[in-house]
$ cat coords01.cif   # mmCIF, C-alpha atoms
data_start
#
loop_
_atom_site.group_PDB
_atom_site.id
_atom_site.type_symbol
_atom_site.label_atom_id
_atom_site.label_comp_id
_atom_site.auth_asym_id
_atom_site.auth_seq_id
_atom_site.Cartn_x
_atom_site.Cartn_y
_atom_site.Cartn_z
ATOM 1 C CA MET D 24 89.683 101.563 52.822
ATOM 2 C CA ASN D 25 88.373 99.144 55.470
ATOM 3 C CA LYS D 26 87.151 100.369 58.850
ATOM 4 C CA LYS D 27 90.221 99.121 60.723
ATOM 5 C CA ARG D 28 92.655 100.976 58.443
ATOM 6 C CA LEU D 29 90.493 104.123 58.522
ATOM 7 C CA PHE D 30 90.445 104.065 62.329
ATOM 8 C CA THR D 31 94.238 103.608 62.476
ATOM 9 C CA THR D 32 94.836 106.459 60.041
ATOM 10 C CA THR D 33 92.465 108.782 61.887
ATOM 11 C CA LEU D 34 94.086 107.950 65.222
ATOM 12 C CA PHE D 35 97.558 108.627 63.806
ATOM 13 C CA ILE D 36 96.494 112.018 62.450
ATOM 14 C CA ALA D 37 94.871 112.945 65.755
ATOM 15 C CA MET D 38 97.973 112.025 67.729
ATOM 16 C CA PHE D 39 100.173 113.986 65.312
ATOM 17 C CA MET D 40 97.998 117.095 65.653
ATOM 18 C CA LEU D 41 98.019 116.861 69.458
ATOM 19 C CA ALA D 42 101.799 116.567 69.504
ATOM 20 C CA PHE D 43 102.132 119.504 67.093
ATOM 21 C CA LEU D 44 99.819 121.714 69.148
ATOM 22 C CA ALA D 45 101.596 120.741 72.350
ATOM 23 C CA GLY D 46 104.909 121.707 70.776
ATOM 24 C CA CYS D 47 103.531 125.077 69.723
ATOM 25 C CA SER D 48 102.161 125.631 73.203
ATOM 26 C CA ASN D 49 105.485 124.807 74.863
ATOM 27 C CA THR D 50 107.387 127.090 72.493
ATOM 28 C CA SER D 51 104.996 129.936 73.184
ATOM 29 C CA SER D 52 105.245 129.404 76.930
ATOM 30 C CA SER D 53 109.043 129.300 76.799
ATOM 31 C CA ASN D 54 109.369 132.479 74.734
ATOM 32 C CA ASN D 55 106.542 134.590 76.068
ATOM 33 C CA GLY D 56 105.649 133.141 79.458
ATOM 34 C CA THR D 57 106.464 134.240 82.957
ATOM 35 C CA ARG D 58 108.151 132.772 85.998
ATOM 36 C CA GLU D 59 107.140 133.498 89.571
ATOM 37 C CA LEU D 60 110.084 134.613 91.712
ATOM 38 C CA LYS D 61 110.256 135.924 95.271
ATOM 39 C CA ASP D 62 112.433 139.016 95.585
ATOM 40 C CA SER D 63 114.519 140.173 98.556
ATOM 41 C CA MET D 64 111.540 141.928 100.136
ATOM 42 C CA GLY D 65 109.224 138.939 99.813
ATOM 43 C CA HIS D 66 107.249 140.141 96.789
ATOM 44 C CA GLU D 67 105.955 137.342 94.556
ATOM 45 C CA VAL D 68 106.816 138.657 91.097
ATOM 46 C CA ASN D 69 105.771 137.219 87.744
ATOM 47 C CA VAL D 70 108.831 138.071 85.677
ATOM 48 C CA PRO D 71 109.085 137.481 81.914
ATOM 49 C CA THR D 72 110.819 134.247 80.966
ATOM 50 C CA THR D 73 112.806 136.189 78.376
ATOM 51 C CA PRO D 74 112.734 139.885 79.307
ATOM 52 C CA LYS D 75 113.411 142.213 76.394
ATOM 53 C CA ARG D 76 113.254 145.681 77.954
ATOM 54 C CA VAL D 77 114.962 145.759 81.340
ATOM 55 C CA VAL D 78 115.371 148.785 83.588
ATOM 56 C CA GLY D 79 118.147 148.122 86.108
ATOM 57 C CA SER D 80 119.588 151.431 87.264
ATOM 58 C CA TYR D 81 123.098 151.027 88.756
ATOM 59 C CA LEU D 82 122.912 147.300 87.969
ATOM 60 C CA GLU D 83 124.178 147.751 84.431
ATOM 61 C CA ASP D 84 127.513 146.005 85.045
ATOM 62 C CA TYR D 85 125.713 142.834 86.093
ATOM 63 C CA LEU D 86 123.272 142.993 83.187
ATOM 64 C CA VAL D 87 125.886 143.620 80.513
ATOM 65 C CA SER D 88 128.032 140.813 81.945
ATOM 66 C CA VAL D 89 125.294 138.274 81.172
ATOM 67 C CA GLY D 90 124.479 139.716 77.760
ATOM 68 C CA VAL D 91 121.458 141.847 78.636
ATOM 69 C CA LYS D 92 121.510 145.429 77.366
ATOM 70 C CA PRO D 93 119.195 147.605 79.486
ATOM 71 C CA VAL D 94 116.850 150.083 77.834
ATOM 72 C CA VAL D 95 118.106 152.994 79.963
ATOM 73 C CA GLN D 96 121.246 153.652 81.995
ATOM 74 C CA TRP D 97 121.895 155.263 85.381
ATOM 75 C CA SER D 98 122.945 158.902 85.469
ATOM 76 C CA VAL D 99 123.085 161.991 87.670
ATOM 77 C CA LYS D 100 122.940 165.703 86.902
ATOM 78 C CA ASN D 101 120.705 165.293 83.845
ATOM 79 C CA GLY D 102 122.981 162.742 82.247
ATOM 80 C CA ALA D 103 126.191 164.715 82.868
ATOM 81 C CA SER D 104 127.574 161.807 84.904
ATOM 82 C CA THR D 105 127.228 158.134 83.946
ATOM 83 C CA GLN D 106 129.201 154.942 84.455
ATOM 84 C CA GLU D 107 131.811 155.928 81.895
ATOM 85 C CA TYR D 108 133.707 152.648 82.155
ATOM 86 C CA LEU D 109 130.663 150.972 80.544
ATOM 87 C CA LYS D 110 130.514 153.522 77.729
ATOM 88 C CA LYS D 111 131.192 151.011 74.928
ATOM 89 C CA ASP D 112 128.808 148.416 76.345
ATOM 90 C CA LEU D 113 125.998 150.948 76.751
ATOM 91 C CA LYS D 114 126.532 152.855 73.523
ATOM 92 C CA GLY D 115 123.247 154.296 72.307
ATOM 93 C CA VAL D 116 121.393 153.566 75.564
ATOM 94 C CA PRO D 117 119.552 156.690 76.788
ATOM 95 C CA THR D 118 120.102 157.911 80.346
ATOM 96 C CA ILE D 119 117.631 157.968 83.202
ATOM 97 C CA ASP D 120 117.917 159.914 86.444
ATOM 98 C CA TYR D 121 119.203 157.827 89.357
ATOM 99 C CA ALA D 122 115.982 158.612 91.297
ATOM 100 C CA LEU D 123 113.969 156.719 88.636
ATOM 101 C CA PRO D 124 111.053 159.162 88.172
ATOM 102 C CA TYR D 125 107.841 157.291 87.368
ATOM 103 C CA GLU D 126 107.306 159.225 84.151
ATOM 104 C CA ALA D 127 110.786 158.409 82.858
ATOM 105 C CA VAL D 128 110.426 154.729 83.765
ATOM 106 C CA THR D 129 107.036 154.577 82.045
ATOM 107 C CA LYS D 130 108.494 156.208 78.929
ATOM 108 C CA ALA D 131 111.157 153.466 78.771
ATOM 109 C CA LYS D 132 108.370 150.868 78.340
ATOM 110 C CA PRO D 133 110.077 148.174 80.420
ATOM 111 C CA ASP D 134 108.859 144.606 80.695
ATOM 112 C CA LEU D 135 110.938 144.149 83.872
ATOM 113 C CA ILE D 136 112.160 146.629 86.491
ATOM 114 C CA LEU D 137 115.064 145.657 88.734
ATOM 115 C CA MET D 138 115.683 147.652 91.910
ATOM 116 C CA GLY D 139 119.090 147.588 93.587
ATOM 117 C CA THR D 140 118.019 148.680 97.085
ATOM 118 C CA ASP D 141 114.970 148.359 99.339
ATOM 119 C CA SER D 142 114.968 152.134 99.859
ATOM 120 C CA GLN D 143 114.115 152.705 96.196
ATOM 121 C CA VAL D 144 110.657 151.201 96.672
ATOM 122 C CA GLN D 145 109.741 152.343 100.175
ATOM 123 C CA ASN D 146 106.847 154.636 101.143
ATOM 124 C CA GLY D 147 104.444 153.171 98.613
ATOM 125 C CA LYS D 148 106.812 153.449 95.655
ATOM 126 C CA TYR D 149 106.763 149.706 94.947
ATOM 127 C CA LYS D 150 103.045 149.791 94.092
ATOM 128 C CA GLN D 151 103.673 152.639 91.678
ATOM 129 C CA TYR D 152 106.494 150.852 89.875
ATOM 130 C CA GLU D 153 104.678 147.518 89.646
ATOM 131 C CA LYS D 154 101.877 149.307 87.800
ATOM 132 C CA ILE D 155 104.431 150.058 85.085
ATOM 133 C CA ALA D 156 106.009 146.578 84.869
ATOM 134 C CA PRO D 157 106.891 143.564 87.061
ATOM 135 C CA THR D 158 109.263 144.944 89.711
ATOM 136 C CA TYR D 159 111.912 142.787 91.370
ATOM 137 C CA VAL D 160 114.083 144.023 94.255
ATOM 138 C CA VAL D 161 117.445 142.253 94.204
ATOM 139 C CA LYS D 162 119.430 141.164 97.252
ATOM 140 C CA ASN D 163 121.056 144.240 98.724
ATOM 141 C CA ASP D 164 121.583 144.419 102.487
ATOM 142 C CA ASP D 165 124.950 144.966 104.182
ATOM 143 C CA LYS D 166 125.657 141.238 104.370
ATOM 144 C CA VAL D 167 125.058 140.623 100.657
ATOM 145 C CA GLY D 168 128.264 140.513 98.648
ATOM 146 C CA TRP D 169 128.498 141.566 95.020
ATOM 147 C CA ARG D 170 128.590 137.948 93.822
ATOM 148 C CA ALA D 171 125.278 137.119 95.494
ATOM 149 C CA GLN D 172 123.728 140.280 94.079
ATOM 150 C CA PHE D 173 125.078 139.489 90.620
ATOM 151 C CA LEU D 174 123.603 135.975 90.722
ATOM 152 C CA ASP D 175 120.247 137.365 91.897
ATOM 153 C CA VAL D 176 120.151 139.816 88.988
ATOM 154 C CA ALA D 177 121.042 136.951 86.648
ATOM 155 C CA LYS D 178 118.237 134.825 88.091
ATOM 156 C CA ALA D 179 115.742 137.615 87.494
ATOM 157 C CA VAL D 180 116.668 137.826 83.793
ATOM 158 C CA ASN D 181 116.955 134.029 83.415
ATOM 159 C CA LYS D 182 120.731 134.075 82.843
ATOM 160 C CA THR D 183 122.011 132.059 85.804
ATOM 161 C CA ALA D 184 124.072 129.670 83.673
ATOM 162 C CA LYS D 185 125.775 132.581 81.927
ATOM 163 C CA ALA D 186 126.472 134.285 85.274
ATOM 164 C CA LYS D 187 128.198 131.168 86.598
ATOM 165 C CA GLN D 188 130.426 131.125 83.518
ATOM 166 C CA VAL D 189 131.293 134.794 84.094
ATOM 167 C CA LEU D 190 132.202 134.137 87.730
ATOM 168 C CA LYS D 191 134.342 131.155 86.800
ATOM 169 C CA LYS D 192 136.277 133.246 84.299
ATOM 170 C CA TYR D 193 136.638 136.038 86.847
ATOM 171 C CA ASP D 194 137.858 133.667 89.567
ATOM 172 C CA ASN D 195 140.480 132.286 87.197
ATOM 173 C CA LYS D 196 141.692 135.831 86.584
ATOM 174 C CA VAL D 197 141.811 136.511 90.331
ATOM 175 C CA THR D 198 143.850 133.361 90.940
ATOM 176 C CA SER D 199 146.325 134.327 88.240
ATOM 177 C CA ALA D 200 146.589 137.946 89.442
ATOM 178 C CA ARG D 201 147.027 136.906 93.065
ATOM 179 C CA SER D 202 149.880 134.611 92.068
ATOM 180 C CA GLU D 203 151.593 137.372 90.081
ATOM 181 C CA LEU D 204 151.263 139.841 92.950
ATOM 182 C CA LYS D 205 152.671 137.319 95.394
ATOM 183 C CA GLN D 206 155.729 136.959 93.194
ATOM 184 C CA LYS D 207 156.315 140.573 92.182
ATOM 185 C CA ALA D 208 154.845 142.541 95.110
ATOM 186 C CA PRO D 209 154.912 140.231 98.140
ATOM 187 C CA ASN D 210 153.443 141.485 101.434
ATOM 188 C CA LYS D 211 152.592 144.886 99.961
ATOM 189 C CA SER D 212 149.715 147.024 101.209
ATOM 190 C CA ALA D 213 147.398 149.313 99.289
ATOM 191 C CA ALA D 214 144.624 151.840 99.840
ATOM 192 C CA VAL D 215 142.033 153.488 97.627
ATOM 193 C CA ILE D 216 141.436 157.209 98.149
ATOM 194 C CA TRP D 217 138.832 159.334 96.406
ATOM 195 C CA VAL D 218 139.350 163.105 96.366
ATOM 196 C CA THR D 219 136.509 165.435 95.459
ATOM 197 C CA ASN D 220 135.885 169.063 96.464
ATOM 198 C CA ASN D 221 139.231 169.104 98.286
ATOM 199 C CA GLN D 222 138.017 166.313 100.593
ATOM 200 C CA ALA D 223 139.511 162.835 100.844
ATOM 201 C CA PHE D 224 137.505 159.631 101.264
ATOM 202 C CA ILE D 225 138.694 156.079 101.960
ATOM 203 C CA VAL D 226 136.803 153.075 100.637
ATOM 204 C CA SER D 227 135.502 150.495 103.089
ATOM 205 C CA ASP D 228 137.182 147.107 103.108
ATOM 206 C CA LYS D 229 133.716 145.557 102.812
ATOM 207 C CA SER D 230 132.656 147.168 99.542
ATOM 208 C CA SER D 231 133.639 148.192 96.036
ATOM 209 C CA SER D 232 137.390 148.299 95.372
ATOM 210 C CA GLY D 233 138.126 147.505 99.014
ATOM 211 C CA THR D 234 136.669 144.026 98.593
ATOM 212 C CA LEU D 235 138.736 143.540 95.455
ATOM 213 C CA LEU D 236 142.072 144.565 96.992
ATOM 214 C CA TYR D 237 141.821 142.789 100.325
ATOM 215 C CA ASP D 238 139.538 139.791 99.724
ATOM 216 C CA ASP D 239 140.272 138.863 96.116
ATOM 217 C CA LEU D 240 143.846 140.004 95.534
ATOM 218 C CA LYS D 241 144.944 139.520 99.158
ATOM 219 C CA LEU D 242 146.900 142.769 99.340
ATOM 220 C CA LYS D 243 147.607 143.867 102.907
ATOM 221 C CA GLU D 244 145.115 146.234 104.480
ATOM 222 C CA PRO D 245 146.646 149.338 106.088
ATOM 223 C CA SER D 246 145.715 149.980 109.723
ATOM 224 C CA LEU D 247 144.038 153.293 108.820
ATOM 225 C CA VAL D 248 141.757 151.524 106.342
ATOM 226 C CA LYS D 249 140.785 148.999 109.046
ATOM 227 C CA GLU D 250 140.065 151.829 111.467
ATOM 228 C CA VAL D 251 137.907 153.721 108.982
ATOM 229 C CA SER D 252 136.102 150.562 107.836
ATOM 230 C CA ASN D 253 135.134 149.584 111.385
ATOM 231 C CA LYS D 254 133.211 152.845 111.735
ATOM 232 C CA ALA D 255 131.990 153.124 108.134
ATOM 233 C CA THR D 256 128.301 153.705 107.440
ATOM 234 C CA ALA D 257 128.753 153.951 103.658
ATOM 235 C CA ASP D 258 131.074 152.679 100.918
ATOM 236 C CA TRP D 259 133.279 155.786 101.224
ATOM 237 C CA SER D 260 134.158 157.561 104.465
ATOM 238 C CA ALA D 261 135.550 161.078 104.782
ATOM 239 C CA VAL D 262 139.000 161.250 106.322
ATOM 240 C CA SER D 263 141.002 164.311 107.319
ATOM 241 C CA LEU D 264 144.386 165.164 105.874
ATOM 242 C CA GLU D 265 145.881 164.786 109.346
ATOM 243 C CA LYS D 266 144.549 161.230 109.508
ATOM 244 C CA LEU D 267 145.955 160.463 106.062
ATOM 245 C CA ALA D 268 149.398 161.391 107.378
ATOM 246 C CA LYS D 269 149.285 158.068 109.279
ATOM 247 C CA LEU D 270 148.468 156.024 106.169
ATOM 248 C CA ASP D 271 150.917 153.119 106.091
ATOM 249 C CA ALA D 272 150.198 151.949 102.548
ATOM 250 C CA ASP D 273 152.852 150.915 100.054
ATOM 251 C CA TYR D 274 150.567 151.946 97.200
ATOM 252 C CA ILE D 275 147.714 154.419 96.820
ATOM 253 C CA PHE D 276 145.117 154.143 94.072
ATOM 254 C CA LEU D 277 143.777 157.676 93.768
ATOM 255 C CA VAL D 278 140.371 158.376 92.243
ATOM 256 C CA ASN D 279 140.941 162.035 91.493
ATOM 257 C CA SER D 280 137.793 164.068 90.923
ATOM 258 C CA ASP D 281 139.491 167.317 91.903
ATOM 259 C CA LYS D 282 142.868 167.628 90.187
ATOM 260 C CA GLY D 283 143.327 171.180 91.414
ATOM 261 C CA ALA D 284 142.657 170.356 95.064
ATOM 262 C CA ASP D 285 144.724 172.413 97.512
ATOM 263 C CA MET D 286 145.382 169.324 99.619
ATOM 264 C CA PHE D 287 147.779 167.960 96.996
ATOM 265 C CA ASN D 288 150.140 170.879 97.725
ATOM 266 C CA ASP D 289 149.923 170.496 101.476
ATOM 267 C CA PRO D 290 153.124 169.198 103.168
ATOM 268 C CA VAL D 291 151.009 166.671 105.058
ATOM 269 C CA TRP D 292 150.010 165.062 101.748
ATOM 270 C CA THR D 293 153.408 165.276 100.110
ATOM 271 C CA ASN D 294 155.004 163.582 103.132
ATOM 272 C CA ILE D 295 152.782 160.500 103.045
ATOM 273 C CA SER D 296 155.173 157.609 102.417
ATOM 274 C CA ALA D 297 153.459 156.317 99.253
ATOM 275 C CA VAL D 298 153.374 159.864 97.854
ATOM 276 C CA LYS D 299 157.070 160.413 98.576
ATOM 277 C CA ASP D 300 157.888 157.056 96.948
ATOM 278 C CA HIS D 301 155.872 157.982 93.823
ATOM 279 C CA HIS D 302 153.568 155.047 94.388
ATOM 280 C CA VAL D 303 150.340 156.947 93.757
ATOM 281 C CA TYR D 304 148.377 155.791 90.712
ATOM 282 C CA GLN D 305 145.693 158.196 89.543
ATOM 283 C CA TYR D 306 142.351 157.396 87.915
ATOM 284 C CA GLY D 307 139.515 159.709 86.936
ATOM 285 C CA ASN D 308 135.739 159.589 87.110
ATOM 286 C CA ASP D 309 135.691 157.653 83.859
ATOM 287 C CA SER D 310 137.385 154.673 85.513
ATOM 288 C CA SER D 311 135.798 151.666 87.234
ATOM 289 C CA TRP D 312 137.291 152.331 90.685
ATOM 290 C CA GLN D 313 134.064 153.576 92.271
ATOM 291 C CA TYR D 314 131.897 150.724 91.037
ATOM 292 C CA LYS D 315 131.424 146.980 91.401
ATOM 293 C CA GLY D 316 130.644 144.037 89.164
ATOM 294 C CA PRO D 317 132.552 141.589 86.950
ATOM 295 C CA ILE D 318 133.458 144.228 84.379
ATOM 296 C CA ALA D 319 134.525 146.846 86.940
ATOM 297 C CA TYR D 320 136.587 144.387 88.954
ATOM 298 C CA THR D 321 138.262 142.933 85.871
ATOM 299 C CA GLN D 322 139.321 146.417 84.803
ATOM 300 C CA MET D 323 140.626 147.188 88.301
ATOM 301 C CA ILE D 324 142.674 143.990 88.373
ATOM 302 C CA ASN D 325 144.270 145.013 85.089
ATOM 303 C CA ASN D 326 145.039 148.438 86.587
ATOM 304 C CA VAL D 327 146.626 146.937 89.707
ATOM 305 C CA LEU D 328 148.819 144.561 87.734
ATOM 306 C CA SER D 329 149.861 147.290 85.325
ATOM 307 C CA ASP D 330 150.705 149.707 88.145
ATOM 308 C CA ILE D 331 152.539 147.647 90.740
ATOM 309 C CA THR D 332 154.044 144.683 88.909
ATOM 310 C CA LYS D 333 155.707 146.520 86.022
#
$ encode --input "coords01.cif" --output "structure tokens"
Amino acid sequence: MNKKRLFTTTLFIAMFMLAFLAGCSNTSSSNNGTRELKDSMGHEVNVPTTPKRVVGSYLEDYLVSVGVKPVVQWSVKNGASTQEYLKKDLKGVPTIDYALPYEAVTKAKPDLILMGTDSQVQNGKYKQYEKIAPTYVVKNDDKVGWRAQFLDVAKAVNKTAKAKQVLKKYDNKVTSARSELKQKAPNKSAAVIWVTNNQAFIVSDKSSSGTLLYDDLKLKEPSLVKEVSNKATADWSAVSLEKLAKLDADYIFLVNSDKGADMFNDPVWTNISAVKDHHVYQYGNDSSWQYKGPIAYTQMINNVLSDITK
């Protein structure tokens, strides 16, 4: 082999090896690398490009919607209460206390921790959690809607494209449902009431099922709901039975956590117009009516259509 051919062959082999090694390097970086993201509190977080073990307490709806199964799921009372409407999606996923004890989080061996509120990481807690795994606080203040929060969660787990597909499908469902309601239940109003421990609560029009009914489905908002929402400091506000007597809703969606409540036998309750008209639709703690997210809202839309357009 002459020198010119030997040089050409050697150069070709060298270029091939460089290209091969570069390809291996890129693959490794893509599968096992990290991305630097700034969370809602300004933390610069190096999150895994492809997280495998995510802790996202009370963010499970968002995670499942984009195909990410968390390693633990939110619960209260030692696992006695969970998000039952996600039972099938979270089958086999162990529970974790809503307060996210450090020991329990450590035991879960996460490679990414998502926090749903700033308060969860205050008073030095953030530094403790970030010792366990990269910790990202998602958008969560009063002005952040569920869609923005959902997209932020999706960004953290590198599933933005999937999240946009989910929202498009959801918006198509909303458009269809809104059209059906306009035809079969025009100009009708609705309210969501939660009863627990013989006490009634009304959901704010700015959160949870309130957002669904009045913003998405365009059902009319009763004056009592507007009044309560204007003073609300939480998703659900306590309301007296005497106040409920003024409820001018055509339909009531009742989240009943106290089926034996004395208030249901009180003449004030039985004389509420929607109650007298048998337009009260009951759901239990296993339903999606106290939660938010694409899965919860899709289930609620199905409930609304089934209840008031039949």
$ resolve_selection --input "coords01.cif" --expression "the PyMOL selection byres ((chain D and resi 225-237) around 6)" --output "JSON, numbers by chain"
{"D": [216, 224, 238, 239, 240, 241, 242, 252, 258, 259, 260, 314, 315]}
$ resolve_selection --input "coords01.cif" --expression "the PyMOL selection byres ((chain D and resi 303) around 12)" --output "PyMOL selection string"
chain D and resi 213-216+272-279+287+292-293+295-302+304-306+327+330-331
$ resolve_selection --input "coords01.cif" --expression "the PyMOL selection byres ((chain D and resi 319-321) around 12)" --output "JSON, numbers by chain"
{"D": [82, 83, 84, 85, 87, 88, 106, 107, 108, 109, 169, 170, 189, 190, 192, 193, 194, 195, 196, 197, 200, 230, 231, 232, 233, 234, 235, 236, 239, 240, 309, 310, 311, 312, 313, 314, 315, 316, 317, 318, 322, 323, 324, 325, 326, 327, 328]}
$ write_last_selection --input "coords01.cif" --atoms "C-alpha atoms" --output "mmCIF file, keeping the file's coordinate frame"
data_model
loop_
_atom_site.group_PDB
_atom_site.id
_atom_site.type_symbol
_atom_site.label_atom_id
_atom_site.label_comp_id
_atom_site.auth_asym_id
_atom_site.auth_seq_id
_atom_site.Cartn_x
_atom_site.Cartn_y
_atom_site.Cartn_z
ATOM 1 C CA LEU D 82 122.912 147.300 87.969
ATOM 2 C CA GLU D 83 124.178 147.751 84.431
ATOM 3 C CA ASP D 84 127.513 146.005 85.045
ATOM 4 C CA TYR D 85 125.713 142.834 86.093
ATOM 5 C CA VAL D 87 125.886 143.620 80.513
ATOM 6 C CA SER D 88 128.032 140.813 81.945
ATOM 7 C CA GLN D 106 129.201 154.942 84.455
ATOM 8 C CA GLU D 107 131.811 155.928 81.895
ATOM 9 C CA TYR D 108 133.707 152.648 82.155
ATOM 10 C CA LEU D 109 130.663 150.972 80.544
ATOM 11 C CA TRP D 169 128.498 141.566 95.020
ATOM 12 C CA ARG D 170 128.590 137.948 93.822
ATOM 13 C CA VAL D 189 131.293 134.794 84.094
ATOM 14 C CA LEU D 190 132.202 134.137 87.730
ATOM 15 C CA LYS D 192 136.277 133.246 84.299
ATOM 16 C CA TYR D 193 136.638 136.038 86.847
ATOM 17 C CA ASP D 194 137.858 133.667 89.567
ATOM 18 C CA ASN D 195 140.480 132.286 87.197
ATOM 19 C CA LYS D 196 141.692 135.831 86.584
ATOM 20 C CA VAL D 197 141.811 136.511 90.331
ATOM 21 C CA ALA D 200 146.589 137.946 89.442
ATOM 22 C CA SER D 230 132.656 147.168 99.542
ATOM 23 C CA SER D 231 133.639 148.192 96.036
ATOM 24 C CA SER D 232 137.390 148.299 95.372
ATOM 25 C CA GLY D 233 138.126 147.505 99.014
ATOM 26 C CA THR D 234 136.669 144.026 98.593
ATOM 27 C CA LEU D 235 138.736 143.540 95.455
ATOM 28 C CA LEU D 236 142.072 144.565 96.992
ATOM 29 C CA ASP D 239 140.272 138.863 96.116
ATOM 30 C CA LEU D 240 143.846 140.004 95.534
ATOM 31 C CA ASP D 309 135.691 157.653 83.859
ATOM 32 C CA SER D 310 137.385 154.673 85.513
ATOM 33 C CA SER D 311 135.798 151.666 87.234
ATOM 34 C CA TRP D 312 137.291 152.331 90.685
ATOM 35 C CA GLN D 313 134.064 153.576 92.271
ATOM 36 C CA TYR D 314 131.897 150.724 91.037
ATOM 37 C CA LYS D 315 131.424 146.980 91.401
ATOM 38 C CA GLY D 316 130.644 144.037 89.164
ATOM 39 C CA PRO D 317 132.552 141.589 86.950
ATOM 40 C CA ILE D 318 133.458 144.228 84.379
ATOM 41 C CA GLN D 322 139.321 146.417 84.803
ATOM 42 C CA MET D 323 140.626 147.188 88.301
ATOM 43 C CA ILE D 324 142.674 143.990 88.373
ATOM 44 C CA ASN D 325 144.270 145.013 85.089
ATOM 45 C CA ASN D 326 145.039 148.438 86.587
ATOM 46 C CA VAL D 327 146.626 146.937 89.707
ATOM 47 C CA LEU D 328 148.819 144.561 87.734
#
$ atom_distance --input "coords01.cif" --atom1 "atom CA of Gly147 of chain D" --atom2 "atom CA of Tyr121 of chain D"
18.0 Å
$ atom_distance --input "coords01.cif" --atom1 "atom CA of Ser63 of chain D" --atom2 "atom CA of Gln172 of chain D"
10.2 Å
$ residues_around --input "coords01.cif" --residues "Gly139 of chain D" --least-positions-apart "5" --cutoff "12 Å" --atoms "only C-alpha atoms" --output "VMD selection string"
chain D and resid 62 to 64 78 to 83 85 97 121 to 123 144 158 to 164 167 169 172 to 173 175 to 176
$ residues_around --input "coords01.cif" --residues "segment 66-77 of chain D" --least-positions-apart "4" --cutoff "7 Å" --atoms "only C-alpha atoms" --output "ChimeraX atom specification"
/D:53-62,93-94,133-136,157-159,180-181
$ atom_distance --input "coords01.cif" --atom1 "atom CA of Ser212 of chain D" --atom2 "atom CA of Ser246 of chain D"
9.9 Å
$ residues_around --input "coords01.cif" --residues "Leu264 of chain D" --least-positions-apart "3" --cutoff "8 Å" --atoms "all atoms listed in the file" --output "PDB file with C-alpha atoms, in the coordinates of the input"
ATOM      1  CA  ALA D 223     139.511 162.835 100.844  1.00  0.00           C
ATOM      2  CA  LEU D 267     145.955 160.463 106.062  1.00  0.00           C
ATOM      3  CA  ALA D 268     149.398 161.391 107.378  1.00  0.00           C
ATOM      4  CA  MET D 286     145.382 169.324  99.619  1.00  0.00           C
ATOM      5  CA  VAL D 291     151.009 166.671 105.058  1.00  0.00           C
ATOM      6  CA  TRP D 292     150.010 165.062 101.748  1.00  0.00           C
TER       7      TRP D 292
END
$ closest_residue --input "coords01.cif" --among "D:Lys249, D:Lys114, D:Lys132, D:Lys207" --to "Lys92 of chain D" --atoms "only C-alpha atoms"
D:Lys114
